[in-house]
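Engineer: Mind looking over this structure? Questions follow.
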Amino acid sequence: MSSTATTGLPDLANLRDVGGLRTHDGRRTRQGRLLRSGTPFYLDATQSRHLVDGLGLRLRIDLRSRGEVDGATNSHLAAVEREVLLAPIGAGGAGTVPATAAAEHTMMAHYLRYLEHAADSFALIARALADAERLPALLHCTLGKDRTGTVVAVLLSAVGVLDDEIVADYARTEGQNDALLDRLRRLPEYRRRLELLPAESLRAVPESMSLFLAGLQDGYGGGAGYLRSAGVGADVLDRLTGELVEESR
């Protein structure tokens, strides 16, 4: 699935295909299997149909909480999409990072808390993406940065993608959400949330993801180790790799 195929979705912020990323064994991730984005709330009927019929989307994986979903559901998309998997990712509160910590360390700690508090959702996602009948899939939260970035990083790590490639994909979010943030600030609930966030937390700084990947490796031996700890079997991991990574040439 090329970037040209996704140009018919101007209101799906921070959208991209995670195909074409290099793995440790010299292969690349498959195009057209997994997309990532911000919220699809603003898609009109034409764009919703293009996402499902034009891009062939079979599964949308929503990382938002039930409350977020109930407050921002797109009726145009709901009318045409085939399957939705709600897999909420949460950090279990604010955590205990020192107030003096650098922003990238604060974000890293936040991302690591996702692993602690949302293992069931990570496992659910991995099992869904290991099923060829449910692909292509779109994975999203609201901005497509923190929850989406962490889940994508774990998945890519699990199938052998190089850390530098994962970091670069995460950093592509930088500057992609300005228009979306303006829209969200017009919604009272999101405006209140955004006002409480420090400005640096809205950025996609490469060091945040680099630190997270180091913590993922130290704590679990990488993405595959984490998913195994969450109850994902070796057979599922093998199928996940087969679906997301090209065969050896």
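Following the order of the structure tokens, chains are lettered A, B, ..., residues in each are numbered from 1, and ligands are numbered from 1.
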What residues in range 132-246 of chain A get the DSSP label strand (DSSP E or B)? Please answer as a count of residues only.

Structural biologist: 6

Engineer: Pick out the residues sitting within 9 Å of range 221-238 of chain A, and hand them over as a list in words; count only C-alpha atoms, and ignore anything fewer than 3 positions along from it in its own chain.

Structural biologist: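 In the requested form, the answer reads Leu115, Ala119, Asp120, Phe122, Ala123, Leu124, Ala126, Arg127, Ala130, Asp131, Ala153, Val154, Leu155, Leu156, Ser157, Ala158, Val159, Gly160, Leu213, Ala214, Gly215, Leu216, Gln217, Asp218, Thr241, Gly242 and Glu243 of chain A.
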
Engineer: Let's have the selection written as a PDB file, in the first residue's frame, with N, CA and C atoms.

Structural biologist:
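Written file, selection07.pdb:
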```pdb
ATOM      1  N   LEU A 115       3.157  -1.042  29.301  1.00  0.00           N
ATOM      2  CA  LEU A 115       3.473  -2.477  29.316  1.00  0.00           C
ATOM      3  C   LEU A 115       2.991  -3.133  30.595  1.00  0.00           C
ATOM      4  N   ALA A 119      -1.174  -5.352  29.442  1.00  0.00           N
ATOM      5  CA  ALA A 119      -0.650  -6.573  28.820  1.00  0.00           C
ATOM      6  C   ALA A 119      -1.734  -7.329  28.058  1.00  0.00           C
ATOM      7  N   ASP A 120      -2.946  -7.374  28.594  1.00  0.00           N
ATOM      8  CA  ASP A 120      -4.017  -8.098  27.920  1.00  0.00           C
ATOM      9  C   ASP A 120      -4.319  -7.482  26.558  1.00  0.00           C
ATOM     10  N   PHE A 122      -2.198  -5.695  24.653  1.00  0.00           N
ATOM     11  CA  PHE A 122      -1.076  -5.994  23.758  1.00  0.00           C
ATOM     12  C   PHE A 122      -1.210  -7.403  23.187  1.00  0.00           C
ATOM     13  N   ALA A 123      -1.572  -8.360  24.037  1.00  0.00           N
ATOM     14  CA  ALA A 123      -1.718  -9.740  23.581  1.00  0.00           C
ATOM     15  C   ALA A 123      -2.873  -9.873  22.597  1.00  0.00           C
ATOM     16  N   LEU A 124      -3.978  -9.204  22.881  1.00  0.00           N
ATOM     17  CA  LEU A 124      -5.141  -9.225  22.003  1.00  0.00           C
ATOM     18  C   LEU A 124      -4.784  -8.692  20.618  1.00  0.00           C
ATOM     19  N   ALA A 126      -1.733  -8.523  19.210  1.00  0.00           N
ATOM     20  CA  ALA A 126      -0.799  -9.423  18.528  1.00  0.00           C
ATOM     21  C   ALA A 126      -1.545 -10.599  17.906  1.00  0.00           C
ATOM     22  N   ARG A 127      -2.491 -11.163  18.635  1.00  0.00           N
ATOM     23  CA  ARG A 127      -3.242 -12.305  18.106  1.00  0.00           C
ATOM     24  C   ARG A 127      -4.095 -11.897  16.907  1.00  0.00           C
ATOM     25  N   ALA A 130      -1.939 -11.457  13.789  1.00  0.00           N
ATOM     26  CA  ALA A 130      -1.374 -12.724  13.306  1.00  0.00           C
ATOM     27  C   ALA A 130      -2.356 -13.482  12.429  1.00  0.00           C
ATOM     28  N   ASP A 131      -3.575 -12.960  12.289  1.00  0.00           N
ATOM     29  CA  ASP A 131      -4.627 -13.614  11.514  1.00  0.00           C
ATOM     30  C   ASP A 131      -4.748 -12.926  10.156  1.00  0.00           C
ATOM     31  N   ALA A 153       5.731  -0.008  18.226  1.00  0.00           N
ATOM     32  CA  ALA A 153       7.126  -0.307  18.556  1.00  0.00           C
ATOM     33  C   ALA A 153       7.270  -1.725  19.094  1.00  0.00           C
ATOM     34  N   VAL A 154       6.378  -2.139  19.970  1.00  0.00           N
ATOM     35  CA  VAL A 154       6.444  -3.499  20.515  1.00  0.00           C
ATOM     36  C   VAL A 154       6.245  -4.526  19.403  1.00  0.00           C
ATOM     37  N   LEU A 155       5.265  -4.288  18.544  1.00  0.00           N
ATOM     38  CA  LEU A 155       5.000  -5.225  17.445  1.00  0.00           C
ATOM     39  C   LEU A 155       6.190  -5.319  16.503  1.00  0.00           C
ATOM     40  N   LEU A 156       6.743  -4.168  16.133  1.00  0.00           N
ATOM     41  CA  LEU A 156       7.876  -4.168  15.209  1.00  0.00           C
ATOM     42  C   LEU A 156       9.099  -4.820  15.845  1.00  0.00           C
ATOM     43  N   SER A 157       9.329  -4.541  17.105  1.00  0.00           N
ATOM     44  CA  SER A 157      10.430  -5.196  17.806  1.00  0.00           C
ATOM     45  C   SER A 157      10.221  -6.710  17.830  1.00  0.00           C
ATOM     46  N   ALA A 158       8.980  -7.130  18.046  1.00  0.00           N
ATOM     47  CA  ALA A 158       8.678  -8.565  18.144  1.00  0.00           C
ATOM     48  C   ALA A 158       8.943  -9.300  16.845  1.00  0.00           C
ATOM     49  N   VAL A 159       8.801  -8.620  15.705  1.00  0.00           N
ATOM     50  CA  VAL A 159       9.018  -9.295  14.421  1.00  0.00           C
ATOM     51  C   VAL A 159      10.403  -9.008  13.853  1.00  0.00           C
ATOM     52  N   GLY A 160      11.275  -8.384  14.667  1.00  0.00           N
ATOM     53  CA  GLY A 160      12.673  -8.262  14.294  1.00  0.00           C
ATOM     54  C   GLY A 160      13.089  -6.990  13.586  1.00  0.00           C
ATOM     55  N   LEU A 213      12.747   1.667  23.922  1.00  0.00           N
ATOM     56  CA  LEU A 213      13.227   0.405  23.368  1.00  0.00           C
ATOM     57  C   LEU A 213      14.325  -0.198  24.243  1.00  0.00           C
ATOM     58  N   ALA A 214      15.166   0.651  24.827  1.00  0.00           N
ATOM     59  CA  ALA A 214      16.191   0.155  25.750  1.00  0.00           C
ATOM     60  C   ALA A 214      15.534  -0.461  26.983  1.00  0.00           C
ATOM     61  N   GLY A 215      14.494   0.201  27.492  1.00  0.00           N
ATOM     62  CA  GLY A 215      13.770  -0.349  28.640  1.00  0.00           C
ATOM     63  C   GLY A 215      13.034  -1.630  28.303  1.00  0.00           C
ATOM     64  N   LEU A 216      12.476  -1.700  27.094  1.00  0.00           N
ATOM     65  CA  LEU A 216      11.815  -2.917  26.635  1.00  0.00           C
ATOM     66  C   LEU A 216      12.803  -4.077  26.567  1.00  0.00           C
ATOM     67  N   GLN A 217      14.003  -3.801  26.082  1.00  0.00           N
ATOM     68  CA  GLN A 217      15.033  -4.829  26.002  1.00  0.00           C
ATOM     69  C   GLN A 217      15.505  -5.251  27.384  1.00  0.00           C
ATOM     70  N   ASP A 218      15.767  -4.275  28.238  1.00  0.00           N
ATOM     71  CA  ASP A 218      16.255  -4.581  29.583  1.00  0.00           C
ATOM     72  C   ASP A 218      15.224  -5.357  30.400  1.00  0.00           C
ATOM     73  N   THR A 241       4.945 -12.613  12.595  1.00  0.00           N
ATOM     74  CA  THR A 241       6.106 -12.296  11.767  1.00  0.00           C
ATOM     75  C   THR A 241       5.815 -12.592  10.300  1.00  0.00           C
ATOM     76  N   GLY A 242       5.173 -13.714  10.042  1.00  0.00           N
ATOM     77  CA  GLY A 242       4.846 -14.072   8.666  1.00  0.00           C
ATOM     78  C   GLY A 242       3.921 -13.082   7.996  1.00  0.00           C
ATOM     79  N   GLU A 243       2.999 -12.497   8.765  1.00  0.00           N
ATOM     80  CA  GLU A 243       2.057 -11.534   8.203  1.00  0.00           C
ATOM     81  C   GLU A 243       2.674 -10.151   8.014  1.00  0.00           C
TER      82      GLU A 243
END
```

Engineer: How close does each residue of range 46-72 of chain A get to range 178-191 of chain A, giving the shortest atom pair and distance in Å to one decimal for every residue with an atom at most 10 Å away, counting only C-alpha atoms, sorted by chain and residue number, as a Markdown table?

Structural biologist:
```
| residue | atom | partner | partner_atom | distance |
| --- | --- | --- | --- | --- |
| A:Glu68 | CA | A:Glu189 | CA | 9.3 |
| A:Gly71 | CA | A:Glu189 | CA | 8.7 |
| A:Ala72 | CA | A:Leu187 | CA | 9.7 |
```

Engineer: Write the residues of the selection above to a file with N, CA and C atoms, as a short mmCIF file (atom, residue, chain, number, x, y, z; two decimals), in the first residue's frame.

Structural biologist:
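Result file is result-v7.cif:
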```
data_model
loop_
_atom_site.label_atom_id
_atom_site.label_comp_id
_atom_site.auth_asym_id
_atom_site.auth_seq_id
_atom_site.Cartn_x
_atom_site.Cartn_y
_atom_site.Cartn_z
N GLU A 68 -13.43 7.46 25.94
CA GLU A 68 -13.01 8.23 24.76
C GLU A 68 -13.80 7.80 23.53
N GLY A 71 -17.31 9.09 23.45
CA GLY A 71 -17.40 10.53 23.22
C GLY A 71 -16.95 10.98 21.86
N ALA A 72 -16.38 10.08 21.05
CA ALA A 72 -15.85 10.48 19.74
C ALA A 72 -15.95 9.31 18.76
#
```

Engineer: Please list as a PDB file with N, CA and C atoms, in the first residue's frame every residue within 7 Å of range 56-63 of chain A, counting only C-alpha atoms and excluding residues in the same chain fewer than 6 positions away.

Structural biologist:
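Heads up, here's the output in result25.pdb:
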```
ATOM      1  N   ARG A  82     -15.725  -3.071   8.725  1.00  0.00           N
ATOM      2  CA  ARG A  82     -16.023  -4.492   8.841  1.00  0.00           C
ATOM      3  C   ARG A  82     -15.868  -5.022  10.266  1.00  0.00           C
ATOM      4  N   GLU A  83     -14.805  -4.621  10.947  1.00  0.00           N
ATOM      5  CA  GLU A  83     -14.574  -5.118  12.306  1.00  0.00           C
ATOM      6  C   GLU A  83     -13.813  -4.077  13.105  1.00  0.00           C
ATOM      7  N   VAL A  84     -14.203  -3.917  14.351  1.00  0.00           N
ATOM      8  CA  VAL A  84     -13.508  -3.021  15.279  1.00  0.00           C
ATOM      9  C   VAL A  84     -13.079  -3.837  16.486  1.00  0.00           C
ATOM     10  N   LEU A  85     -11.828  -3.680  16.868  1.00  0.00           N
ATOM     11  CA  LEU A  85     -11.304  -4.319  18.068  1.00  0.00           C
ATOM     12  C   LEU A  85     -10.921  -3.221  19.054  1.00  0.00           C
ATOM     13  N   LEU A  86     -11.621  -3.170  20.176  1.00  0.00           N
ATOM     14  CA  LEU A  86     -11.297  -2.204  21.216  1.00  0.00           C
ATOM     15  C   LEU A  86     -10.260  -2.828  22.141  1.00  0.00           C
ATOM     16  N   ALA A  87      -9.076  -2.242  22.155  1.00  0.00           N
ATOM     17  CA  ALA A  87      -7.970  -2.759  22.963  1.00  0.00           C
ATOM     18  C   ALA A  87      -7.342  -1.590  23.711  1.00  0.00           C
ATOM     19  N   PRO A  88      -7.986  -1.110  24.770  1.00  0.00           N
ATOM     20  CA  PRO A  88      -7.516   0.107  25.439  1.00  0.00           C
ATOM     21  C   PRO A  88      -6.126  -0.043  26.047  1.00  0.00           C
ATOM     22  N   ILE A  89      -5.334   0.987  25.853  1.00  0.00           N
ATOM     23  CA  ILE A  89      -3.984   1.057  26.397  1.00  0.00           C
ATOM     24  C   ILE A  89      -3.939   2.187  27.416  1.00  0.00           C
ATOM     25  N   ARG A 134      -7.824 -10.954   8.915  1.00  0.00           N
ATOM     26  CA  ARG A 134      -8.213  -9.679   9.529  1.00  0.00           C
ATOM     27  C   ARG A 134      -7.352  -8.517   9.046  1.00  0.00           C
ATOM     28  N   LEU A 135      -6.522  -8.767   8.068  1.00  0.00           N
ATOM     29  CA  LEU A 135      -5.638  -7.739   7.527  1.00  0.00           C
ATOM     30  C   LEU A 135      -6.094  -7.350   6.119  1.00  0.00           C
ATOM     31  N   PRO A 136      -5.855  -6.089   5.747  1.00  0.00           N
ATOM     32  CA  PRO A 136      -5.108  -5.018   6.402  1.00  0.00           C
ATOM     33  C   PRO A 136      -5.843  -4.484   7.641  1.00  0.00           C
ATOM     34  N   ALA A 137      -5.056  -3.918   8.559  1.00  0.00           N
ATOM     35  CA  ALA A 137      -5.589  -3.359   9.784  1.00  0.00           C
ATOM     36  C   ALA A 137      -5.081  -1.935   9.985  1.00  0.00           C
ATOM     37  N   LEU A 138      -5.896  -1.143  10.653  1.00  0.00           N
ATOM     38  CA  LEU A 138      -5.511   0.205  11.069  1.00  0.00           C
ATOM     39  C   LEU A 138      -5.466   0.233  12.580  1.00  0.00           C
ATOM     40  N   LEU A 139      -4.374   0.708  13.139  1.00  0.00           N
ATOM     41  CA  LEU A 139      -4.186   0.815  14.580  1.00  0.00           C
ATOM     42  C   LEU A 139      -4.093   2.298  14.924  1.00  0.00           C
ATOM     43  N   HIS A 140      -4.886   2.747  15.903  1.00  0.00           N
ATOM     44  CA  HIS A 140      -4.899   4.178  16.218  1.00  0.00           C
ATOM     45  C   HIS A 140      -5.306   4.432  17.661  1.00  0.00           C
ATOM     46  N   CYS A 141      -4.965   5.626  18.143  1.00  0.00           N
ATOM     47  CA  CYS A 141      -5.505   6.141  19.398  1.00  0.00           C
ATOM     48  C   CYS A 141      -6.151   7.492  19.071  1.00  0.00           C
ATOM     49  N   ARG A 147       0.198   5.988  22.636  1.00  0.00           N
ATOM     50  CA  ARG A 147      -0.326   4.623  22.686  1.00  0.00           C
ATOM     51  C   ARG A 147      -0.048   3.882  21.383  1.00  0.00           C
TER      52      ARG A 147
END
```

Engineer: Pick from A:Ala204, A:Val80, A:Leu9, A:Val167: nearest to Gln47 in chain A, with only C-alpha atoms counted?

Structural biologist: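 Smallest separation from Gln47 in chain A among the options: A:Leu9.
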
Engineer: What is the distance between CA of His110 in chain A and CA of Arg16 in chain A, in Å to one decimal?

Structural biologist: 23.6 Å

Engineer: If we count only C-alpha atoms and set the cut-off at 6 Å, which residues sit around range 41-44 of chain A, ignoring sequence neighbours fewer than 3 positions away in its own chain? Please answer as a PyMOL selection string.

Structural biologist: chain A and resi 11+47-48+74

Engineer: Looking at A:Ser210, A:Thr150, A:Thr106, A:Ser201, which one is nearest to Glu174 in chain A, with distances taken over only C-alpha atoms?

Structural biologist: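 Smallest separation from Glu174 in chain A among the options: A:Ser201.
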
Engineer: Between A:Leu202, A:Ala168, A:Leu129, A:Leu55, which one has atoms that come closest to Lys145 in chain A, using only C-alpha atoms?

Structural biologist: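 Looking at the shortest contact to Lys145 in chain A, the residue is A:Leu202.
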
Engineer: Run DSSP on the backbone and grab whatever in range 93-187 of chain A lands in alpha helix (DSSP H); send it over as a VMD selection string.

Structural biologist: chain A and resid 103 to 117 119 to 129 147 to 158 163 to 171 178 to 184

Engineer: Since we have the selection now, will you write its residues out, keeping N, CA and C atoms, as a compact mmCIF listing (two decimals), in the first residue's frame?

Structural biologist:
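Here's the written file result-v5.txt:
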```txt
# COMPACT_ATOMS: atom_id res chain seq x y z
N ALA A 103 12.20 15.59 29.52
CA ALA A 103 10.94 15.19 28.89
C ALA A 103 11.02 13.80 28.29
N GLU A 104 12.15 13.47 27.65
CA GLU A 104 12.23 12.16 27.01
C GLU A 104 12.23 11.02 28.04
N HIS A 105 12.78 11.26 29.24
CA HIS A 105 12.74 10.25 30.29
C HIS A 105 11.33 10.11 30.86
N THR A 106 10.61 11.23 30.94
CA THR A 106 9.23 11.19 31.40
C THR A 106 8.37 10.38 30.44
N MET A 107 8.54 10.62 29.14
CA MET A 107 7.77 9.89 28.15
C MET A 107 8.14 8.41 28.14
N MET A 108 9.44 8.12 28.25
CA MET A 108 9.88 6.72 28.30
C MET A 108 9.21 5.98 29.46
N ALA A 109 9.18 6.61 30.64
CA ALA A 109 8.57 5.97 31.81
C ALA A 109 7.07 5.78 31.60
N HIS A 110 6.44 6.74 30.95
CA HIS A 110 5.01 6.63 30.64
C HIS A 110 4.76 5.45 29.72
N TYR A 111 5.58 5.30 28.70
CA TYR A 111 5.42 4.20 27.75
C TYR A 111 5.66 2.85 28.43
N LEU A 112 6.63 2.78 29.31
CA LEU A 112 6.88 1.52 30.01
C LEU A 112 5.71 1.14 30.92
N ARG A 113 5.01 2.12 31.45
CA ARG A 113 3.83 1.81 32.27
C ARG A 113 2.71 1.20 31.44
N TYR A 114 2.64 1.55 30.15
CA TYR A 114 1.68 0.87 29.29
C TYR A 114 1.90 -0.65 29.33
N LEU A 115 3.16 -1.04 29.30
CA LEU A 115 3.47 -2.48 29.32
C LEU A 115 2.99 -3.13 30.60
N GLU A 116 3.10 -2.42 31.69
CA GLU A 116 2.69 -2.97 32.99
C GLU A 116 1.18 -3.09 33.12
N HIS A 117 0.45 -2.13 32.56
CA HIS A 117 -0.98 -2.02 32.84
C HIS A 117 -1.88 -2.50 31.71
N ALA A 119 -1.17 -5.35 29.44
CA ALA A 119 -0.65 -6.57 28.82
C ALA A 119 -1.73 -7.33 28.06
N ASP A 120 -2.95 -7.37 28.59
CA ASP A 120 -4.02 -8.10 27.92
C ASP A 120 -4.32 -7.48 26.56
N SER A 121 -4.29 -6.16 26.48
CA SER A 121 -4.56 -5.49 25.21
C SER A 121 -3.44 -5.74 24.20
N PHE A 122 -2.20 -5.69 24.65
CA PHE A 122 -1.08 -5.99 23.76
C PHE A 122 -1.21 -7.40 23.19
N ALA A 123 -1.57 -8.36 24.04
CA ALA A 123 -1.72 -9.74 23.58
C ALA A 123 -2.87 -9.87 22.60
N LEU A 124 -3.98 -9.20 22.88
CA LEU A 124 -5.14 -9.23 22.00
C LEU A 124 -4.78 -8.69 20.62
N ILE A 125 -4.03 -7.62 20.58
CA ILE A 125 -3.62 -7.01 19.32
C ILE A 125 -2.70 -7.94 18.53
N ALA A 126 -1.73 -8.52 19.21
CA ALA A 126 -0.80 -9.42 18.53
C ALA A 126 -1.54 -10.60 17.91
N ARG A 127 -2.49 -11.16 18.64
CA ARG A 127 -3.24 -12.31 18.11
C ARG A 127 -4.10 -11.90 16.91
N ALA A 128 -4.67 -10.70 16.96
CA ALA A 128 -5.49 -10.23 15.84
C ALA A 128 -4.66 -10.04 14.59
N LEU A 129 -3.48 -9.44 14.73
CA LEU A 129 -2.64 -9.15 13.58
C LEU A 129 -1.93 -10.39 13.04
N ARG A 147 0.20 5.99 22.64
CA ARG A 147 -0.33 4.62 22.69
C ARG A 147 -0.05 3.88 21.38
N THR A 148 -0.36 4.55 20.27
CA THR A 148 -0.09 3.93 18.97
C THR A 148 1.40 3.70 18.78
N GLY A 149 2.21 4.69 19.12
CA GLY A 149 3.65 4.56 18.95
C GLY A 149 4.24 3.44 19.77
N THR A 150 3.75 3.26 20.99
CA THR A 150 4.26 2.19 21.85
C THR A 150 3.83 0.81 21.34
N VAL A 151 2.58 0.67 20.98
CA VAL A 151 2.10 -0.62 20.49
C VAL A 151 2.82 -1.00 19.19
N VAL A 152 2.93 -0.05 18.27
CA VAL A 152 3.64 -0.33 17.02
C VAL A 152 5.09 -0.70 17.31
N ALA A 153 5.73 -0.01 18.23
CA ALA A 153 7.13 -0.31 18.56
C ALA A 153 7.27 -1.73 19.09
N VAL A 154 6.38 -2.14 19.97
CA VAL A 154 6.44 -3.50 20.51
C VAL A 154 6.24 -4.53 19.40
N LEU A 155 5.26 -4.29 18.54
CA LEU A 155 5.00 -5.23 17.44
C LEU A 155 6.19 -5.32 16.50
N LEU A 156 6.74 -4.17 16.13
CA LEU A 156 7.88 -4.17 15.21
C LEU A 156 9.10 -4.82 15.85
N SER A 157 9.33 -4.54 17.11
CA SER A 157 10.43 -5.20 17.81
C SER A 157 10.22 -6.71 17.83
N ALA A 158 8.98 -7.13 18.05
CA ALA A 158 8.68 -8.56 18.14
C ALA A 158 8.94 -9.30 16.84
N ASP A 163 15.97 -1.31 15.72
CA ASP A 163 15.58 -0.21 16.59
C ASP A 163 15.62 1.13 15.87
N ASP A 164 16.63 1.38 15.06
CA ASP A 164 16.73 2.66 14.35
C ASP A 164 15.52 2.89 13.46
N GLU A 165 15.01 1.84 12.85
CA GLU A 165 13.84 1.95 11.99
C GLU A 165 12.59 2.26 12.82
N ILE A 166 12.48 1.63 13.98
CA ILE A 166 11.34 1.88 14.86
C ILE A 166 11.36 3.33 15.35
N VAL A 167 12.53 3.80 15.73
CA VAL A 167 12.66 5.18 16.21
C VAL A 167 12.30 6.15 15.10
N ALA A 168 12.78 5.90 13.90
CA ALA A 168 12.51 6.80 12.77
C ALA A 168 11.02 6.84 12.45
N ASP A 169 10.35 5.68 12.53
CA ASP A 169 8.92 5.66 12.27
C ASP A 169 8.17 6.46 13.33
N TYR A 170 8.55 6.30 14.59
CA TYR A 170 7.93 7.06 15.67
C TYR A 170 8.12 8.57 15.45
N ALA A 171 9.32 8.96 15.07
CA ALA A 171 9.64 10.39 14.93
C ALA A 171 8.91 11.04 13.76
N ASP A 178 -0.65 19.05 14.02
CA ASP A 178 -1.02 20.42 14.35
C ASP A 178 -2.49 20.71 14.06
N ALA A 179 -2.95 20.33 12.87
CA ALA A 179 -4.35 20.59 12.51
C ALA A 179 -5.29 19.78 13.39
N LEU A 180 -4.91 18.53 13.69
CA LEU A 180 -5.75 17.70 14.55
C LEU A 180 -5.85 18.29 15.95
N LEU A 181 -4.75 18.77 16.48
CA LEU A 181 -4.78 19.38 17.82
C LEU A 181 -5.70 20.59 17.85
N ASP A 182 -5.68 21.39 16.79
CA ASP A 182 -6.59 22.54 16.72
C ASP A 182 -8.05 22.08 16.76
N ARG A 183 -8.34 21.01 16.05
CA ARG A 183 -9.70 20.48 16.05
C ARG A 183 -10.09 19.94 17.42
N LEU A 184 -9.19 19.20 18.04
CA LEU A 184 -9.49 18.62 19.34
C LEU A 184 -9.71 19.68 20.41
```

Engineer: For CA of Gln31 in chain A and CA of Thr173 in chain A, determine how far apart the two atoms are, in Å to one decimal place.

Structural biologist: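 A separation of 18.7 Å between them.
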